[in-house]
Amino acid sequence: MMDLTMVLFERLGLLLVIAFVLTRIPGFRSLLYREFSFKMAGIHACVFGIFGIAGTLTGVVIGSDFTVTHAFVWEVEADQMVVSSSLVAIVMAGLLGGPAVGLGAGIIAGTHLFFLGGIGFMANSLVNPLTGLLAGFTARFFSQERVISPIKALFIGIFPPILLMHLLLIFDSQDRTMVELINTIGLPVVLSNSIAIAIFTAMIAIVLREQENEAAFATRQALTIAEEALPFLKEESFQKKAEGIADLFYARLKLAAVTVTNDKEVMAHKGLGGDHHRIGNPLITQISHQALESKEILVAYSQAEIQCTHKKCPLEAVIIIPIWEAQQTIGLIKLYFRKPQHIRPVELMLAEGLGQLIANQLKTIKAERLELHTRDAELSNLQAQINPHFLFNTLHMIAALFRKEPEKARHITVQLAHFMRFNLKLVSTQLVPLEKETEHVKAYIEIIQTRFTGRMQIHFIQPEEMSHLLIPPSSIQPLVENSVRHGLEHVSEGGRVDVKMEQVGKWIKISVQDNGQGFPDSILLQAGEKVLTGKPHGGTGLYNVNQRLINLLGEESRLHVRNLPGGGSEVHFTIPAVNTRKEDDL
């Protein structure tokens, strides 16, 4: 008995090697994920049936004198019995594929045993289809599990050999030799079969983990590549987009070649076949047009499917990823391989993930651009506002000055020119150097102080080291104008406005204070937050400044308005003390 046990385990080792090879067949995954179809059920039944025949061929033959033949089982004499390992394959067929696959595999393996003949051939023939059918029904109790655990499989594997022993006794109940044979083979067969089935299920669990790891790797790689592709996708030129994506995919995916096209022609190619896969080649292949129309990933596994006209093209397989934006296919990404075997499930998962991620990124980029254009239009509208009353009053003042103080008139004319030039160019830029902004404010201050000589004084305090910082244009002047027009509206003399800039930590605080009447309590909390349509002055200037600051520098730079304890008001905001952005000088 010990000798027979060792031989059976030795042969089962060979069978498990075959099983390991079986788990590497790509179609085997459909069994693990229970993707049933009549075609696949038939294929799997044949595969496991052949696996069962291999279990018979690697079995052993026992003579009527209980001698064990170690050679492979090619033929059986009338006085000999086959001890087959086919039940391992049949049980796995039933557990993985259900009753249909188990029964089909059992019939194939059983038929082979029937024609081999020998002692107990009828029992050997019948036990295989019965085992496949019963294992298939047993699997339904574990339908919530992706694969049965090895411990459960170990117990399930005990019953098919026991069923075989009963069938042998039923068909040869009068044969005393049969009883002795069963006593000899019973325990070795039960042990070897059940352990082999448990090992097989453990191998399948390992395959599942490998597939999950591959899927996780493909997901991580797709996310990384999609993130690295973002700068190229933001390019306005499709040519630059294509070149960047082709270089990135070729470097990261280690492909034979990458081609990026628009909906009409090749825009970029990287890798093998560059002598005939040239930029500017029109899209003439059927599979390319099919991908453009279907918006689905397509795969070609031969040069005939690729339809390359070059006879010595080294590229034999391709995955085509449509690039679609706003429900329209705008181009294709073609991932080329040297051999069809290089396209594994992980490559297909990666391609699918990349296609979806790129589509989502293009959608996000388009939405961001639309939002930016809308915001720019709003800012342009806000920035282009010039108070006509200020212009007319200043011109009248200059006309009067020419009669009394011509030099002063010329100086104010120059200041007005600087002021107007700055305002007219507001639409063309979003941020300006603080130095330019202060020049604009100082020009306004000189004009105002000339108009209201003796009525008010405006003081401007600015450290020199802050001149390089960037600020939204016309952010300070409207605050000074608000103090002059509204805060000091009823002040006939002694009015004062202080414009101050100081560093507070990582921020530059810019404040405008006056000693006027302050903000009415009814509008203090709303000042700068919205246009007060029902009020005499409306607060449009403060609102415009606040919107520019928030949109261009962020929520931290919004306006803060308060009334001072001693009278008057303060409006202040902050800008970053470190700003590396550059804008064209006005």
# chains A, B, ... in the order shown; residues from 1 in each chain; ligands from 1
$ residues_around --residues "region 4-19 of chain A" --least-positions-apart "5" --cutoff "7 Å" --atoms "only C-alpha atoms" --output "PyMOL selection string"
chain A and resi 55+58-59+188+192+196
$ write_last_selection --atoms "C-alpha atoms" --output "mmCIF file, in the first residue's frame"
data_model
loop_
_atom_site.group_PDB
_atom_site.id
_atom_site.type_symbol
_atom_site.label_atom_id
_atom_site.label_comp_id
_atom_site.auth_asym_id
_atom_site.auth_seq_id
_atom_site.Cartn_x
_atom_site.Cartn_y
_atom_site.Cartn_z
ATOM 1 C CA GLY A 55 -4.672 11.647 -15.421
ATOM 2 C CA THR A 58 -0.163 8.970 -15.692
ATOM 3 C CA GLY A 59 -1.973 6.469 -13.449
ATOM 4 C CA PRO A 188 -3.978 5.658 -1.391
ATOM 5 C CA SER A 192 -3.846 11.264 -3.371
ATOM 6 C CA ALA A 196 -4.265 16.893 -5.378
#
$ residues_around --residues "Phe20 (chain A)" --least-positions-apart "4" --cutoff "12 Å" --atoms "only C-alpha atoms" --output "VMD selection string"
chain A and resid 13 to 16 24 to 25 28 51 199 to 207
$ write_last_selection --atoms "all heavy atoms" --output "short mmCIF file (atom, residue, chain, number, x, y, z; two decimals), in the first residue's frame"
data_model
loop_
_atom_site.label_atom_id
_atom_site.label_comp_id
_atom_site.auth_asym_id
_atom_site.auth_seq_id
_atom_site.Cartn_x
_atom_site.Cartn_y
_atom_site.Cartn_z
N GLY A 13 2.12 14.53 -9.06
CA GLY A 13 3.02 15.66 -9.21
C GLY A 13 3.15 16.07 -10.66
O GLY A 13 3.11 17.26 -11.00
N LEU A 14 3.27 15.08 -11.53
CA LEU A 14 3.32 15.35 -12.97
C LEU A 14 2.00 15.94 -13.45
O LEU A 14 1.98 16.88 -14.27
CB LEU A 14 3.64 14.05 -13.72
CG LEU A 14 3.71 14.14 -15.25
CD1 LEU A 14 4.81 15.13 -15.68
CD2 LEU A 14 3.97 12.75 -15.85
N LEU A 15 0.90 15.43 -12.91
CA LEU A 15 -0.41 15.94 -13.30
C LEU A 15 -0.60 17.39 -12.87
O LEU A 15 -1.18 18.20 -13.60
CB LEU A 15 -1.50 15.05 -12.67
CG LEU A 15 -2.93 15.22 -13.22
CD1 LEU A 15 -2.99 14.80 -14.68
CD2 LEU A 15 -3.91 14.41 -12.40
N LEU A 16 -0.09 17.72 -11.69
CA LEU A 16 -0.21 19.09 -11.21
C LEU A 16 0.64 20.05 -12.03
O LEU A 16 0.31 21.24 -12.14
CB LEU A 16 0.17 19.16 -9.73
CG LEU A 16 -0.84 18.52 -8.77
CD1 LEU A 16 -0.29 18.50 -7.35
CD2 LEU A 16 -2.16 19.28 -8.81
N ARG A 24 -2.32 28.80 -16.97
CA ARG A 24 -1.70 29.90 -17.72
C ARG A 24 -2.38 30.15 -19.06
O ARG A 24 -2.01 31.08 -19.77
CB ARG A 24 -0.21 29.60 -17.97
CG ARG A 24 0.60 29.49 -16.69
CD ARG A 24 0.47 30.73 -15.87
NE ARG A 24 1.15 30.63 -14.59
CZ ARG A 24 0.81 31.31 -13.52
NH1 ARG A 24 -0.21 32.12 -13.57
NH2 ARG A 24 1.46 31.21 -12.38
N ILE A 25 -3.35 29.33 -19.42
CA ILE A 25 -4.08 29.54 -20.67
C ILE A 25 -5.00 30.74 -20.50
O ILE A 25 -5.78 30.80 -19.54
CB ILE A 25 -4.90 28.29 -21.04
CG1 ILE A 25 -3.95 27.09 -21.26
CG2 ILE A 25 -5.75 28.55 -22.29
CD1 ILE A 25 -4.68 25.78 -21.52
N PHE A 28 -8.67 30.40 -19.60
CA PHE A 28 -8.98 29.80 -18.31
C PHE A 28 -9.60 30.82 -17.35
O PHE A 28 -10.36 30.47 -16.47
CB PHE A 28 -7.69 29.23 -17.70
CG PHE A 28 -7.90 28.41 -16.46
CD1 PHE A 28 -8.40 27.12 -16.53
CD2 PHE A 28 -7.60 28.93 -15.21
CE1 PHE A 28 -8.59 26.37 -15.40
CE2 PHE A 28 -7.79 28.18 -14.07
CZ PHE A 28 -8.29 26.89 -14.17
N PHE A 51 -7.50 16.69 -19.93
CA PHE A 51 -6.75 16.68 -18.67
C PHE A 51 -7.04 15.39 -17.89
O PHE A 51 -6.15 14.78 -17.29
CB PHE A 51 -7.17 17.91 -17.86
CG PHE A 51 -6.37 18.13 -16.60
CD1 PHE A 51 -5.09 17.62 -16.44
CD2 PHE A 51 -6.91 18.87 -15.57
CE1 PHE A 51 -4.37 17.84 -15.28
CE2 PHE A 51 -6.19 19.08 -14.40
CZ PHE A 51 -4.92 18.57 -14.26
N ILE A 199 -4.55 21.02 -3.67
CA ILE A 199 -3.41 21.76 -4.24
C ILE A 199 -3.84 22.52 -5.49
O ILE A 199 -3.42 23.67 -5.72
CB ILE A 199 -2.25 20.79 -4.55
CG1 ILE A 199 -1.68 20.21 -3.25
CG2 ILE A 199 -1.15 21.49 -5.34
CD1 ILE A 199 -0.65 19.12 -3.45
N PHE A 200 -4.68 21.88 -6.32
CA PHE A 200 -5.16 22.52 -7.55
C PHE A 200 -5.94 23.80 -7.22
O PHE A 200 -5.74 24.86 -7.84
CB PHE A 200 -6.03 21.55 -8.33
CG PHE A 200 -6.20 21.91 -9.78
CD1 PHE A 200 -6.75 21.00 -10.67
CD2 PHE A 200 -5.83 23.15 -10.28
CE1 PHE A 200 -6.91 21.30 -12.00
CE2 PHE A 200 -5.99 23.47 -11.61
CZ PHE A 200 -6.53 22.55 -12.47
N THR A 201 -6.83 23.75 -6.22
CA THR A 201 -7.58 24.95 -5.85
C THR A 201 -6.66 26.03 -5.30
O THR A 201 -6.89 27.23 -5.52
CB THR A 201 -8.67 24.61 -4.82
OG1 THR A 201 -8.07 23.96 -3.70
CG2 THR A 201 -9.73 23.71 -5.42
N ALA A 202 -5.61 25.63 -4.58
CA ALA A 202 -4.64 26.61 -4.09
C ALA A 202 -3.92 27.29 -5.25
O ALA A 202 -3.67 28.50 -5.24
CB ALA A 202 -3.62 25.94 -3.17
N MET A 203 -3.61 26.50 -6.30
CA MET A 203 -2.97 27.07 -7.49
C MET A 203 -3.89 28.09 -8.16
O MET A 203 -3.44 29.16 -8.61
CB MET A 203 -2.62 25.95 -8.47
CG MET A 203 -1.48 25.06 -8.00
SD MET A 203 -1.31 23.57 -9.02
CE MET A 203 -1.07 24.29 -10.62
N ILE A 204 -5.18 27.80 -8.19
CA ILE A 204 -6.14 28.71 -8.81
C ILE A 204 -6.23 30.00 -8.00
O ILE A 204 -6.32 31.10 -8.56
CB ILE A 204 -7.52 28.03 -8.93
CG1 ILE A 204 -7.44 26.90 -9.95
CG2 ILE A 204 -8.58 29.04 -9.34
CD1 ILE A 204 -8.67 26.04 -10.01
N ALA A 205 -6.20 29.87 -6.67
CA ALA A 205 -6.22 31.07 -5.83
C ALA A 205 -5.00 31.95 -6.11
O ALA A 205 -5.10 33.19 -6.14
CB ALA A 205 -6.26 30.67 -4.36
N ILE A 206 -3.86 31.32 -6.35
CA ILE A 206 -2.64 32.07 -6.67
C ILE A 206 -2.82 32.79 -8.01
O ILE A 206 -2.42 33.96 -8.16
CB ILE A 206 -1.43 31.13 -6.72
CG1 ILE A 206 -1.11 30.62 -5.31
CG2 ILE A 206 -0.21 31.83 -7.31
CD1 ILE A 206 -0.06 29.53 -5.26
N VAL A 207 -3.43 32.11 -8.98
CA VAL A 207 -3.67 32.73 -10.29
C VAL A 207 -4.57 33.95 -10.14
O VAL A 207 -4.33 35.00 -10.75
CB VAL A 207 -4.31 31.70 -11.25
CG1 VAL A 207 -4.76 32.39 -12.53
CG2 VAL A 207 -3.32 30.60 -11.58
#
$ atom_distance --atom1 "CA of Gly494 (chain A)" --atom2 "CA of Arg455 (chain A)"
6.0 Å
$ closest_residue --among "A:Ile182, A:Leu416, A:Ala256, A:Leu103" --to "Thr394 (chain A)" --atoms "only C-alpha atoms"
A:Leu416
$ atom_distance --atom1 "CA of Glu210 (chain A)" --atom2 "CA of Val88 (chain A)"
23.3 Å
$ closest_residue --among "A:Thr177, A:Asn281, A:Asn193, A:Ser85" --to "Ile158 (chain A)" --atoms "only C-alpha atoms"
A:Asn193
$ residues_around --residues "Val101 (chain A)" --least-positions-apart "6" --cutoff "9 Å" --atoms "only C-alpha atoms" --output "PyMOL selection string"
chain A and resi 41-46+48+90+93-94+132-133+136
$ write_last_selection --atoms "all heavy atoms" --output "compact mmCIF listing (two decimals), in the first residue's frame"
# COMPACT_ATOMS: atom_id res chain seq x y z
N ALA A 41 -18.18 26.73 -22.57
CA ALA A 41 -18.46 25.52 -21.80
C ALA A 41 -17.97 24.29 -22.56
O ALA A 41 -17.37 23.36 -21.98
CB ALA A 41 -19.95 25.41 -21.50
N GLY A 42 -18.22 24.26 -23.87
CA GLY A 42 -17.76 23.15 -24.68
C GLY A 42 -16.24 23.06 -24.73
O GLY A 42 -15.66 21.97 -24.61
N ILE A 43 -15.60 24.22 -24.88
CA ILE A 43 -14.12 24.24 -24.93
C ILE A 43 -13.54 23.76 -23.61
O ILE A 43 -12.62 22.94 -23.58
CB ILE A 43 -13.63 25.66 -25.27
CG1 ILE A 43 -14.02 26.03 -26.70
CG2 ILE A 43 -12.12 25.76 -25.08
CD1 ILE A 43 -13.72 27.46 -27.07
N HIS A 44 -14.08 24.26 -22.50
CA HIS A 44 -13.55 23.87 -21.20
C HIS A 44 -13.82 22.40 -20.90
O HIS A 44 -12.98 21.74 -20.26
CB HIS A 44 -14.16 24.75 -20.10
CG HIS A 44 -13.64 26.15 -20.11
ND1 HIS A 44 -14.46 27.25 -20.04
CD2 HIS A 44 -12.38 26.64 -20.19
CE1 HIS A 44 -13.72 28.34 -20.08
NE2 HIS A 44 -12.47 28.00 -20.17
N ALA A 45 -14.97 21.90 -21.34
CA ALA A 45 -15.25 20.47 -21.14
C ALA A 45 -14.21 19.63 -21.88
O ALA A 45 -13.71 18.62 -21.34
CB ALA A 45 -16.67 20.15 -21.64
N CYS A 46 -13.86 20.04 -23.08
CA CYS A 46 -12.85 19.30 -23.85
C CYS A 46 -11.47 19.39 -23.18
O CYS A 46 -10.75 18.39 -23.08
CB CYS A 46 -12.78 19.84 -25.28
SG CYS A 46 -14.24 19.50 -26.28
N PHE A 48 -10.72 19.97 -19.97
CA PHE A 48 -10.66 19.18 -18.74
C PHE A 48 -10.81 17.69 -19.04
O PHE A 48 -10.29 16.85 -18.30
CB PHE A 48 -11.74 19.64 -17.76
CG PHE A 48 -11.34 20.84 -16.96
CD1 PHE A 48 -11.81 22.09 -17.28
CD2 PHE A 48 -10.49 20.71 -15.88
CE1 PHE A 48 -11.44 23.20 -16.55
CE2 PHE A 48 -10.11 21.81 -15.13
CZ PHE A 48 -10.58 23.07 -15.47
N ILE A 90 -11.76 15.93 -13.28
CA ILE A 90 -13.21 15.98 -13.42
C ILE A 90 -13.84 16.77 -12.27
O ILE A 90 -14.77 17.55 -12.47
CB ILE A 90 -13.80 14.56 -13.49
CG1 ILE A 90 -13.12 13.77 -14.61
CG2 ILE A 90 -15.30 14.62 -13.71
CD1 ILE A 90 -13.10 14.45 -15.96
N ALA A 93 -13.25 20.38 -12.97
CA ALA A 93 -14.13 20.83 -14.06
C ALA A 93 -15.51 21.17 -13.51
O ALA A 93 -16.10 22.20 -13.87
CB ALA A 93 -14.22 19.75 -15.13
N GLY A 94 -16.04 20.30 -12.64
CA GLY A 94 -17.36 20.56 -12.06
C GLY A 94 -17.37 21.74 -11.13
O GLY A 94 -18.28 22.58 -11.17
N GLY A 132 -18.34 14.46 -12.26
CA GLY A 132 -18.42 15.80 -12.86
C GLY A 132 -19.76 16.46 -12.61
O GLY A 132 -19.84 17.65 -12.28
N LEU A 133 -20.84 15.67 -12.75
CA LEU A 133 -22.19 16.20 -12.54
C LEU A 133 -22.40 16.60 -11.08
O LEU A 133 -22.88 17.71 -10.78
CB LEU A 133 -23.22 15.16 -12.96
CG LEU A 133 -24.67 15.63 -13.11
CD1 LEU A 133 -24.78 16.67 -14.21
CD2 LEU A 133 -25.58 14.44 -13.39
N GLY A 136 -20.36 19.64 -10.09
CA GLY A 136 -20.97 20.85 -10.63
C GLY A 136 -22.11 21.34 -9.76
O GLY A 136 -22.23 22.55 -9.49
